[in-house]
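J.: This one is run.txt, compact mmCIF, C-alpha atoms.
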```
# COMPACT_ATOMS: atom_id res chain seq x y z
CA MET N 1 28.68 43.96 -45.91
CA LYS N 2 28.30 46.65 -43.31
CA LEU N 3 25.54 46.40 -40.71
CA GLY N 4 23.20 49.33 -40.65
CA ARG N 5 21.83 50.96 -37.51
CA GLU N 6 18.55 49.14 -38.02
CA HIS N 7 20.28 45.77 -38.01
CA ILE N 8 22.23 46.58 -34.85
CA ARG N 9 19.02 47.66 -33.15
CA LEU N 10 17.32 44.43 -34.24
CA ILE N 11 20.17 42.30 -32.87
CA LYS N 12 20.05 44.25 -29.60
CA ASN N 13 16.29 43.74 -29.29
CA ILE N 14 16.55 40.02 -29.99
CA SER N 15 19.37 39.68 -27.43
CA ILE N 16 17.39 41.52 -24.75
CA THR N 17 14.31 39.38 -25.47
CA VAL N 18 16.39 36.19 -25.15
CA VAL N 19 17.95 37.35 -21.86
CA ILE N 20 14.52 38.30 -20.47
CA GLY N 21 13.18 34.91 -21.57
CA ILE N 22 16.01 33.04 -19.83
CA LEU N 23 15.59 35.09 -16.66
CA ALA N 24 11.83 34.51 -16.69
CA PHE N 25 12.37 30.75 -17.03
CA ILE N 26 14.89 30.69 -14.16
CA LEU N 27 12.54 32.68 -11.93
CA TYR N 28 9.61 30.46 -12.83
CA ASP N 29 11.58 27.28 -12.18
CA TYR N 30 12.94 28.71 -8.92
CA PHE N 31 9.58 29.69 -7.51
CA LYS N 32 7.49 26.79 -8.76
CA GLY N 33 9.00 24.64 -6.03
CA ASP N 34 11.01 21.48 -5.73
CA ASP N 35 8.55 18.81 -6.77
CA ASN N 36 10.88 16.12 -8.03
CA SER N 37 8.60 13.11 -7.66
CA ALA N 38 9.89 11.81 -10.97
CA ASP N 39 13.48 11.57 -9.70
CA THR N 40 14.85 8.07 -9.41
CA ILE N 41 15.89 6.61 -6.07
CA ALA N 42 19.30 4.98 -5.62
CA ASP N 43 19.56 1.28 -6.35
CA THR N 44 19.98 -0.15 -2.85
CA PRO N 45 19.77 -3.92 -2.23
CA ILE N 46 16.93 -5.53 -0.32
CA ARG N 47 17.71 -7.24 2.97
CA ILE N 48 15.90 -10.41 4.05
CA GLU N 49 15.23 -9.91 7.74
CA ALA N 50 13.18 -13.03 8.46
CA VAL N 51 11.80 -16.13 6.79
CA LYS N 52 8.83 -17.82 8.41
CA LYS N 53 7.02 -21.01 7.52
CA ILE N 54 3.28 -20.40 7.59
CA ALA N 55 0.12 -22.30 6.64
CA GLU N 56 -2.72 -19.93 5.96
CA ILE N 57 -5.68 -20.68 3.78
CA GLY N 58 -6.85 -17.39 2.32
CA ALA N 59 -10.49 -17.96 1.52
CA VAL N 60 -11.86 -14.49 0.81
CA SER N 61 -10.30 -11.17 -0.05
CA TYR N 62 -11.89 -7.78 0.26
CA THR N 63 -10.38 -4.86 -1.61
CA ASP N 64 -11.50 -1.30 -1.17
CA GLU N 65 -10.46 2.29 -1.68
CA ILE N 66 -10.76 4.49 1.35
CA VAL N 67 -10.56 8.25 1.25
CA VAL N 68 -9.14 9.80 4.40
CA ASP N 69 -9.01 13.52 4.72
CA THR N 70 -7.72 15.88 7.37
CA VAL N 71 -8.43 19.58 7.28
CA GLU N 72 -7.08 22.20 9.61
CA TYR N 73 -8.69 25.63 9.57
CA TYR N 74 -7.36 28.94 10.73
CA ASP N 75 -8.73 29.41 14.20
CA GLU N 76 -10.58 32.61 14.83
CA LEU N 77 -10.81 35.90 13.09
CA ASP N 78 -9.04 37.73 15.88
CA GLU N 79 -6.04 35.47 15.49
CA ILE N 80 -4.97 36.97 12.22
CA SER N 81 -1.41 37.65 13.21
CA ASP N 82 -0.58 40.19 10.59
CA TRP N 83 -3.02 41.96 8.29
CA LEU N 84 -0.09 42.64 5.99
CA ASP N 85 0.80 38.94 5.72
CA ALA N 86 -0.24 38.39 2.13
CA TYR N 87 0.23 34.60 2.33
CA GLU N 88 -2.04 34.14 5.33
CA LEU N 89 -4.67 36.46 3.93
CA SER N 90 -4.63 34.71 0.56
CA GLN N 91 -4.92 31.31 2.25
CA ARG N 92 -7.91 32.52 4.21
CA LEU N 93 -9.63 34.02 1.22
CA ILE N 94 -8.72 31.75 -1.67
CA ASN N 95 -8.64 28.50 0.30
CA ARG N 96 -11.73 29.27 2.34
CA ASN N 97 -9.90 29.63 5.62
CA VAL N 98 -8.16 26.28 5.24
CA LYS N 99 -4.74 26.30 6.85
CA ARG N 100 -3.61 22.76 5.99
CA ARG N 101 -5.21 19.85 4.22
CA LEU N 102 -4.08 16.33 3.42
CA THR N 103 -6.26 13.88 1.53
CA LEU N 104 -5.15 10.34 0.84
CA ILE N 105 -6.78 7.68 -1.29
CA VAL N 106 -5.73 4.35 0.17
CA LYS N 107 -6.39 1.09 -1.63
CA GLY N 108 -6.08 -1.87 0.70
CA GLU N 109 -6.80 -5.57 0.76
CA ILE N 110 -8.06 -7.74 3.58
CA ARG N 111 -7.58 -11.49 3.51
CA VAL N 112 -9.78 -13.70 5.61
CA GLY N 113 -9.23 -17.40 6.11
CA ILE N 114 -7.86 -20.07 8.40
CA ASP N 115 -4.44 -20.37 9.93
CA ILE N 116 -4.18 -24.15 9.88
CA ARG N 117 -0.84 -24.23 11.62
CA LYS N 118 -1.98 -22.20 14.58
CA ASN N 119 -5.33 -23.86 15.06
CA ASN N 120 -4.45 -27.32 13.81
CA ILE N 121 -7.21 -28.94 11.85
CA GLU N 122 -8.54 -32.22 13.15
CA ILE N 123 -9.40 -35.06 10.80
CA ASN N 124 -11.51 -38.07 11.73
CA ARG N 125 -12.92 -40.82 9.60
CA SER N 126 -15.91 -43.04 10.15
CA ASN N 127 -17.05 -45.53 7.50
CA ASP N 128 -17.36 -43.44 4.31
CA THR N 129 -17.44 -40.01 5.93
CA VAL N 130 -14.52 -37.69 6.68
CA TYR N 131 -15.08 -35.29 9.57
CA LEU N 132 -13.02 -32.16 9.30
CA LYS N 133 -12.86 -30.02 12.41
CA LEU N 134 -11.81 -26.52 11.43
CA SER N 135 -11.31 -23.41 13.45
CA ASN N 136 -13.38 -20.35 12.59
CA PRO N 137 -12.02 -18.15 9.81
CA GLU N 138 -10.24 -15.03 10.97
CA LEU N 139 -8.73 -11.90 9.55
CA LEU N 140 -5.34 -13.02 8.29
CA GLU N 141 -3.88 -9.74 7.12
CA VAL N 142 -4.55 -6.21 6.01
CA ASN N 143 -2.37 -5.24 3.09
CA LEU N 144 -1.47 -1.65 2.37
CA SER N 145 1.28 -0.51 0.07
CA PRO N 146 2.57 2.74 -1.41
CA SER N 147 1.46 1.65 -4.89
CA GLY N 148 -2.11 1.61 -3.60
CA THR N 149 -1.78 4.99 -1.88
CA ASP N 150 -2.22 8.32 -3.59
CA VAL N 151 -1.85 11.78 -2.13
CA TYR N 152 -4.90 13.41 -3.64
CA GLN N 153 -4.30 16.85 -2.21
CA GLU N 154 -1.69 18.31 0.06
CA GLN N 155 -1.83 21.85 1.31
CA GLY N 156 0.65 23.08 3.88
CA SER N 157 3.33 21.05 5.55
CA TRP N 158 2.58 17.55 6.88
CA SER N 159 4.81 15.30 8.96
CA ASP N 160 5.32 11.58 8.38
CA LYS N 161 3.60 10.85 11.68
CA GLU N 162 0.47 12.71 10.62
CA ARG N 163 0.45 10.87 7.31
CA THR N 164 0.88 7.51 9.08
CA ILE N 165 -2.06 8.31 11.37
CA LEU N 166 -4.23 8.88 8.28
CA GLU N 167 -3.08 5.63 6.69
CA LEU N 168 -3.80 3.70 9.89
CA LYS N 169 -7.23 5.31 9.96
CA ALA N 170 -7.85 3.96 6.46
CA LYS N 171 -6.64 0.53 7.62
CA GLN N 172 -9.05 0.55 10.55
CA ARG N 173 -11.86 1.61 8.23
CA LEU N 174 -11.11 -1.40 6.03
CA ILE N 175 -11.26 -3.71 9.03
CA ASN N 176 -14.57 -2.21 10.17
CA ASN N 177 -16.01 -2.65 6.67
CA SER N 178 -14.90 -6.28 6.56
CA VAL N 179 -16.83 -6.96 9.77
CA GLU N 180 -19.96 -5.35 8.32
CA LEU N 181 -19.62 -7.40 5.14
CA ASP N 182 -19.74 -10.65 7.11
CA LEU N 183 -16.57 -11.95 5.48
CA ILE N 184 -16.12 -14.62 8.14
CA ASN N 185 -19.16 -16.54 6.91
CA LYS N 186 -18.17 -16.05 3.29
CA ALA N 187 -14.73 -17.41 4.15
CA ARG N 188 -16.31 -20.49 5.74
CA VAL N 189 -18.15 -21.34 2.53
CA SER N 190 -15.04 -20.75 0.45
CA THR N 191 -12.83 -22.83 2.77
CA GLU N 192 -15.23 -25.75 2.60
CA LYS N 193 -15.15 -25.62 -1.19
CA LEU N 194 -11.37 -25.79 -1.10
CA PHE N 195 -11.23 -28.76 1.22
CA LYS N 196 -13.83 -30.53 -0.89
CA ARG N 197 -11.48 -30.01 -3.84
CA LEU N 198 -8.65 -31.65 -1.89
CA LEU N 199 -10.96 -34.43 -0.73
CA GLN N 200 -12.72 -34.95 -4.06
CA HIS N 201 -12.07 -38.70 -3.84
CA GLU N 202 -13.98 -38.99 -0.56
CA LYS N 203 -17.67 -39.86 -0.61
CA TYR N 204 -18.87 -37.59 2.20
CA VAL N 205 -17.10 -34.73 3.94
CA GLU N 206 -18.54 -33.08 7.00
CA PHE N 207 -17.24 -29.87 8.50
CA ILE N 208 -17.30 -29.18 12.20
CA TYR N 209 -16.63 -25.77 13.77
CA PRO N 210 -15.88 -24.95 17.43
CA GLU N 211 -19.36 -23.60 18.24
CA ASP N 212 -21.03 -26.65 16.67
CA ASN N 213 -19.79 -28.78 19.59
CA MET C 1 -16.97 48.33 2.92
CA ASN C 2 -14.55 45.81 1.34
CA ARG C 3 -13.02 45.08 4.69
CA PHE C 4 -16.46 44.48 6.16
CA VAL C 5 -17.27 41.93 3.42
CA TYR C 6 -13.92 40.21 4.02
CA ILE C 7 -14.54 40.01 7.77
CA LEU C 8 -18.01 38.65 7.13
CA ILE C 9 -16.65 35.91 4.83
CA LEU C 10 -14.03 34.97 7.39
CA PHE C 11 -16.63 34.83 10.10
CA ILE C 12 -18.79 32.49 8.06
CA VAL C 13 -16.01 30.08 7.09
CA SER C 14 -14.27 30.10 10.52
CA CYS C 15 -14.98 26.97 12.46
CA SER C 16 -13.29 24.28 14.57
CA SER C 17 -9.55 23.76 14.16
CA THR C 18 -9.62 20.19 12.85
CA ASP C 19 -12.15 18.27 10.88
CA GLU C 20 -11.86 14.82 9.41
CA ALA C 21 -13.96 13.11 6.82
CA GLU C 22 -13.80 9.66 5.39
CA LYS C 23 -15.72 7.81 2.76
CA ALA C 24 -15.44 4.52 1.00
CA SER C 25 -15.78 4.07 -2.72
CA VAL C 26 -14.78 1.13 -4.96
CA MET C 27 -14.94 -2.30 -3.37
CA GLU C 28 -14.55 -5.90 -4.41
CA ILE C 29 -15.00 -9.21 -2.62
CA ARG C 30 -13.24 -12.17 -4.17
CA GLU C 31 -13.30 -15.83 -3.35
CA LEU C 32 -9.76 -17.08 -2.96
CA GLY C 33 -8.17 -20.46 -2.64
CA GLN C 34 -4.65 -19.61 -1.67
CA LEU C 35 -2.49 -21.60 0.67
CA ALA C 36 0.22 -19.23 1.89
CA THR C 37 3.19 -21.28 3.03
CA VAL C 38 6.06 -18.84 3.51
CA GLU C 39 6.47 -15.28 4.73
CA TYR C 40 9.52 -13.16 4.01
CA THR C 41 10.19 -9.95 5.89
CA ILE C 42 12.23 -7.67 3.68
CA GLY C 43 13.99 -4.44 4.57
CA LYS C 44 14.80 -1.74 2.04
CA LEU C 45 16.48 1.64 2.26
CA ILE C 46 15.05 4.29 -0.02
CA GLN C 47 17.80 6.71 -0.78
CA LEU C 48 17.56 9.95 -2.71
CA ASP C 49 20.24 12.55 -3.21
CA GLN C 50 19.29 15.70 -5.09
CA THR C 51 22.59 17.49 -5.20
CA ASP C 52 23.10 17.63 -8.95
CA VAL C 53 20.38 20.06 -9.85
CA GLU C 54 20.17 23.25 -11.88
CA TRP C 55 22.95 25.72 -11.09
CA TYR C 56 20.53 28.40 -9.94
CA LYS C 57 18.98 26.15 -7.28
CA TRP C 58 21.17 26.68 -4.27
CA GLY C 59 21.32 23.88 -1.73
CA ASP C 60 20.82 20.11 -1.47
CA ARG C 61 17.98 17.77 -0.64
CA LYS C 62 18.73 14.34 0.76
CA LEU C 63 16.31 11.68 1.90
CA LEU C 64 16.74 8.29 3.50
CA ILE C 65 13.63 6.24 4.30
CA LYS C 66 13.78 2.85 5.99
CA THR C 67 10.93 0.60 5.00
CA ARG C 68 9.86 -2.97 5.56
CA ALA C 69 7.70 -5.25 3.46
CA THR C 70 6.08 -8.56 4.33
CA VAL C 71 5.72 -10.86 1.36
CA LYS C 72 3.73 -14.07 1.38
CA ALA C 73 3.93 -16.81 -1.20
CA GLY C 74 2.23 -20.15 -1.63
CA ILE C 75 0.02 -22.09 -4.02
CA ASP C 76 -3.44 -21.52 -5.43
CA LEU C 77 -5.50 -24.53 -4.41
CA LYS C 78 -8.23 -23.51 -6.87
CA LYS C 79 -5.86 -24.45 -9.67
CA ILE C 80 -5.91 -28.11 -8.63
CA LYS C 81 -7.91 -29.92 -11.28
CA GLU C 82 -9.85 -33.14 -10.92
CA ASP C 83 -7.22 -35.25 -12.64
CA ASP C 84 -4.44 -33.74 -10.52
CA ILE C 85 -5.43 -36.10 -7.69
CA VAL C 86 -5.20 -39.84 -8.28
CA VAL C 87 -6.08 -42.29 -5.52
CA LYS C 88 -5.18 -46.00 -5.65
CA GLY C 89 -5.93 -47.77 -2.39
CA ASN C 90 -3.69 -46.29 0.26
CA THR C 91 -1.65 -44.31 -2.24
CA ILE C 92 -2.44 -40.77 -3.33
CA GLU C 93 -0.68 -38.93 -6.12
CA ILE C 94 -1.19 -35.18 -6.38
CA THR C 95 0.15 -32.53 -8.73
CA LEU C 96 0.38 -29.14 -7.11
CA PRO C 97 0.14 -25.88 -9.03
CA PRO C 98 3.28 -23.72 -9.17
CA ALA C 99 4.13 -21.44 -6.25
CA GLU C 100 3.22 -17.81 -6.64
CA TYR C 101 3.31 -14.53 -4.77
CA ILE C 102 0.23 -14.04 -2.65
CA SER C 103 0.59 -10.68 -0.98
CA LEU C 104 2.90 -7.78 -0.29
CA ASN C 105 2.28 -5.57 2.67
CA MET C 106 4.19 -2.41 3.56
CA ASP C 107 2.84 -1.45 6.94
CA PRO C 108 2.97 2.35 7.42
CA ASN C 109 4.13 1.72 10.99
CA TYR C 110 7.41 0.33 9.67
CA THR C 111 8.14 3.14 7.25
CA LYS C 112 10.41 5.70 8.87
CA THR C 113 12.28 8.68 7.51
CA GLU C 114 15.77 8.31 8.96
CA VAL C 115 17.43 11.28 7.29
CA GLU C 116 15.84 14.32 5.71
CA SER C 117 18.42 16.95 4.97
CA ILE C 118 17.53 20.22 3.27
CA SER C 119 19.97 23.04 2.78
CA GLY C 120 20.07 26.39 1.04
CA PHE C 121 16.86 27.61 -0.55
CA ARG C 122 15.48 24.17 -1.32
CA ASP C 123 11.97 23.07 -0.32
CA ASN C 124 11.12 20.38 2.20
CA PHE C 125 10.02 17.03 0.80
CA THR C 126 6.27 16.87 0.46
CA GLN C 127 4.24 13.77 1.31
CA LYS C 128 3.40 13.47 -2.39
CA GLU C 129 7.09 13.26 -3.25
CA LYS C 130 7.79 10.79 -0.44
CA ASN C 131 4.93 8.61 -1.62
CA ALA C 132 6.35 8.63 -5.14
CA PHE C 133 9.73 7.48 -3.80
CA LEU C 134 8.07 4.80 -1.67
CA LYS C 135 6.29 3.54 -4.77
CA GLN C 136 9.65 3.21 -6.49
CA GLY C 137 10.95 1.36 -3.44
CA GLU C 138 8.03 -1.06 -3.57
CA GLU C 139 8.61 -1.65 -7.25
CA ALA C 140 12.29 -2.36 -6.55
CA ILE C 141 11.33 -4.87 -3.83
CA ARG C 142 8.95 -6.66 -6.22
CA LYS C 143 11.70 -6.77 -8.85
CA ASP C 144 14.36 -8.05 -6.44
CA LEU C 145 12.07 -10.77 -5.07
CA GLY C 146 12.98 -12.83 -8.11
CA GLU C 147 16.51 -13.12 -6.75
CA THR C 148 15.34 -14.65 -3.48
CA LYS C 149 14.30 -18.25 -2.85
CA ILE C 150 10.80 -17.33 -1.78
CA LEU C 151 9.00 -19.34 -4.49
CA GLN C 152 11.18 -22.42 -3.94
CA ASP C 153 10.53 -22.18 -0.18
CA ALA C 154 6.81 -21.75 -0.83
CA ALA C 155 6.69 -24.85 -3.05
CA ALA C 156 8.67 -26.95 -0.56
CA ASN C 157 6.51 -25.86 2.39
CA ALA C 158 3.33 -26.51 0.39
CA GLU C 159 4.49 -30.07 -0.25
CA ASP C 160 5.07 -30.57 3.50
CA ILE C 161 1.64 -29.23 4.42
CA ILE C 162 -0.20 -31.28 1.80
CA ARG C 163 1.76 -34.38 2.77
CA ASP C 164 0.85 -33.93 6.46
CA PHE C 165 -2.80 -33.39 5.51
CA TYR C 166 -3.12 -36.63 3.53
CA LYS C 167 -1.08 -38.54 6.10
CA GLU C 168 -3.58 -37.45 8.71
CA LEU C 169 -6.33 -38.77 6.41
CA GLY C 170 -4.75 -42.20 6.55
CA PHE C 171 -2.82 -42.49 3.32
CA GLU C 172 0.36 -44.52 3.57
CA LYS C 173 2.04 -43.42 0.39
CA ILE C 174 1.82 -39.83 -0.76
CA ILE C 175 3.38 -38.82 -4.05
CA ILE C 176 3.53 -35.08 -4.71
CA HIS C 177 4.50 -33.46 -7.98
CA SER C 178 5.26 -29.77 -7.99
CA SER C 179 4.87 -28.03 -11.29
CA ILE C 180 7.10 -25.13 -12.21
CA GLU C 181 5.85 -21.81 -13.53
CA ASP C 182 7.02 -20.98 -17.05
```
Could you write out this file's structure as structure tokens?
T.:
Amino acid sequence: MKLGREHIRLIKNISITVVIGILAFILYDYFKGDDNSADTIADTPIRIEAVKKIAEIGAVSYTDEIVVDTVEYYDELDEISDWLDAYELSQRLINRNVKRRLTLIVKGEIRVGIDIRKNNIEINRSNDTVYLKLSNPELLEVNLSPSGTDVYQEQGSWSDKERTILELKAKQRLINNSVELDLINKARVSTEKLFKRLLQHEKYVEFIYPEDN
Amino acid sequence: MNRFVYILILFIVSCSSTDEAEKASVMEIRELGQLATVEYTIGKLIQLDQTDVEWYKWGDRKLLIKTRATVKAGIDLKKIKEDDIVVKGNTIEITLPPAEYISLNMDPNYTKTEVESISGFRDNFTQKEKNAFLKQGEEAIRKDLGETKILQDAAANAEDIIRDFYKELGFEKIIIHSSIED
């Protein structure tokens, strides 16, 4: 069967369309950037750097999500370096003059309780009463982790140091909140409940704190 | 006219160079009863090599992040039931709950990019990408924790602490049973 001119033209058109399609895909993929967040990291072993024996009674935990945001604007109108710089002009117009922006959502946990090794609890007994002298609860740790951190928006280039500053800001915000929430007193109540559980066989248990003396 | 409108818009939106805003949202306060008895400091290298990419992407991207995690383990004292403690004169017998992980902390201060190599026409790593790789690193640490002795150490240390506590209370014989997690 001999191909007619119409068939040859059809094949040519299909071929050109396919080539244009491939080129368009390559250009799209090339310009859309290098976001490869889904790539898998290499399987490197963990290294145990230190093992420490501790004795901390975690009485209360406070979990919160903190939003920390840093925005940097283009300075002044007269600092437009180049009126022909399409990128800068588009940033100023479309992004409302925002030059760079980084917003993180940081989920962190604060644990409050008593370090019984450091403060050493004191136990005394008199007749049927146990006197337990405890130190005041304190902030034991502030836990942040990448799984609890999300980059909500990122515009422009940001260094690791700048990102760390934001994360530490979120950490400080958590600490400040924990003070406002009076977690120390809540931890006291919770700690007493725990010791009562351990001393359930005792008739009376009395708790003494440093300022009670 | 158009230029005038543009200048006016710019004038209105122009302001100070840096502005920061923070706000808190979801929060939860929980009563705990955890006795943390061991702390492991764990180092992990997060390594990524993007050399095998599409042929039309010229250049490589390599990343090496050093990170450190602090993991605490211990026992949950709230899981001690009434019949887990038996007292007979000067002897006390207690069954402790199994050791468990209490917390994992990856302090941002100890996360450092050691190598960030970009060549050709490739883009720099964004913070979003780095965070995604750090998440994978954290997941790998959690997975590899099972190969360490952290839970055994936590259980042994918990026994020591509980023993010292009851000894201080005046008990002469302290029998401790540690249960094992299924």
J.: Find the residues near range 95-105 of chain C: any atom within 9 Å, counting all atoms listed in the file, skip ones fewer than 2 places away on the same chain, and give them as a ChimeraX atom specification.
T.: /N:141-145 /C:34-36,68-81,83-85,93,107,142,150-155,158-159,175-181
J.: Would you mind telling me which residue in N:Tyr131, N:Val60, N:Ile41, N:Val51 lies nearest to Lys62 in chain C when using all atoms listed in the file?
T.: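 Of N:Tyr131, N:Val60, N:Ile41, N:Val51, the one nearest Lys62 in chain C, counting all atoms listed in the file, is N:Ile41.
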J.: Just want the 12 Å neighbourhood of Asp164 in chain C, counted on only C-alpha atoms, with same-chain residues fewer than 5 positions away dropped. Output as an NGL selection string.
T.: (:N and (55 or 116-117 or 120-123)) or (:C and (157-159 or 169-176))
J.: Pick out the chain N residues within 6 Å of chain C. Count all atoms listed in the file. Give them as a ChimeraX atom specification.
T.: /N:34,37,41-42,46-73,75,143-147,151,164
J.: Which residue gives the smallest distance to Leu174 in chain N among N:His201, N:Lys133, N:Arg111, N:Lys161, with only C-alpha atoms counted?
T.: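 Nearest candidate to Leu174 in chain N out of N:His201, N:Lys133, N:Arg111, N:Lys161: N:Arg111.
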J.: Would you work out the distance separating CA of Glu162 in chain N from CA of Leu140 in chain N, expressed in Å to one decimal?
T.: 26.5 Å
J.: Quick one: pull the distance between CA of Lys169 in chain N and CA of Ile184 in chain N, Å, one decimal.
T.: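 Atom-to-atom, CA of Lys169 in chain N to CA of Ile184 in chain N, that is 21.9 Å.
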J.: Hey, can you check how far CA of Ile26 in chain N sits from CA of Gly120 in chain C?
T.: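 Atom-to-atom, CA of Ile26 in chain N to CA of Gly120 in chain C, that is 16.6 Å.
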J.: What's around Glu211 in chain N at 10 Å? Count only C-alpha atoms, leave out sequence neighbours fewer than 3 positions away in its own chain, and write the answer as an mmCIF file with C-alpha atoms, keeping the file's coordinate frame.
T.:
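Contents of selection-v6.cif, freshly written:
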```cif
data_model
loop_
_atom_site.group_PDB
_atom_site.id
_atom_site.type_symbol
_atom_site.label_atom_id
_atom_site.label_comp_id
_atom_site.auth_asym_id
_atom_site.auth_seq_id
_atom_site.Cartn_x
_atom_site.Cartn_y
_atom_site.Cartn_z
ATOM 1 C CA SER N 135 -11.310 -23.410 13.450
ATOM 2 C CA ASN N 136 -13.380 -20.350 12.590
ATOM 3 C CA ILE N 208 -17.300 -29.180 12.200
#
```
J.: For each of N:Arg163, N:Phe207, N:Asp39, N:Leu3, take the minimum atom-to-atom distance to Thr129 in chain N, counting all atoms listed in the file, then give the residue where this is smallest.
T.: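 That would be N:Phe207, the residue with the smallest distance to Thr129 in chain N.
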J.: Give the answer as one residue: which of N:Ser90, N:Glu202, N:Tyr74, N:Asn95 has the shortest atom-to-atom distance to Gln155 in chain N, using only C-alpha atoms?
T.: N:Asn95
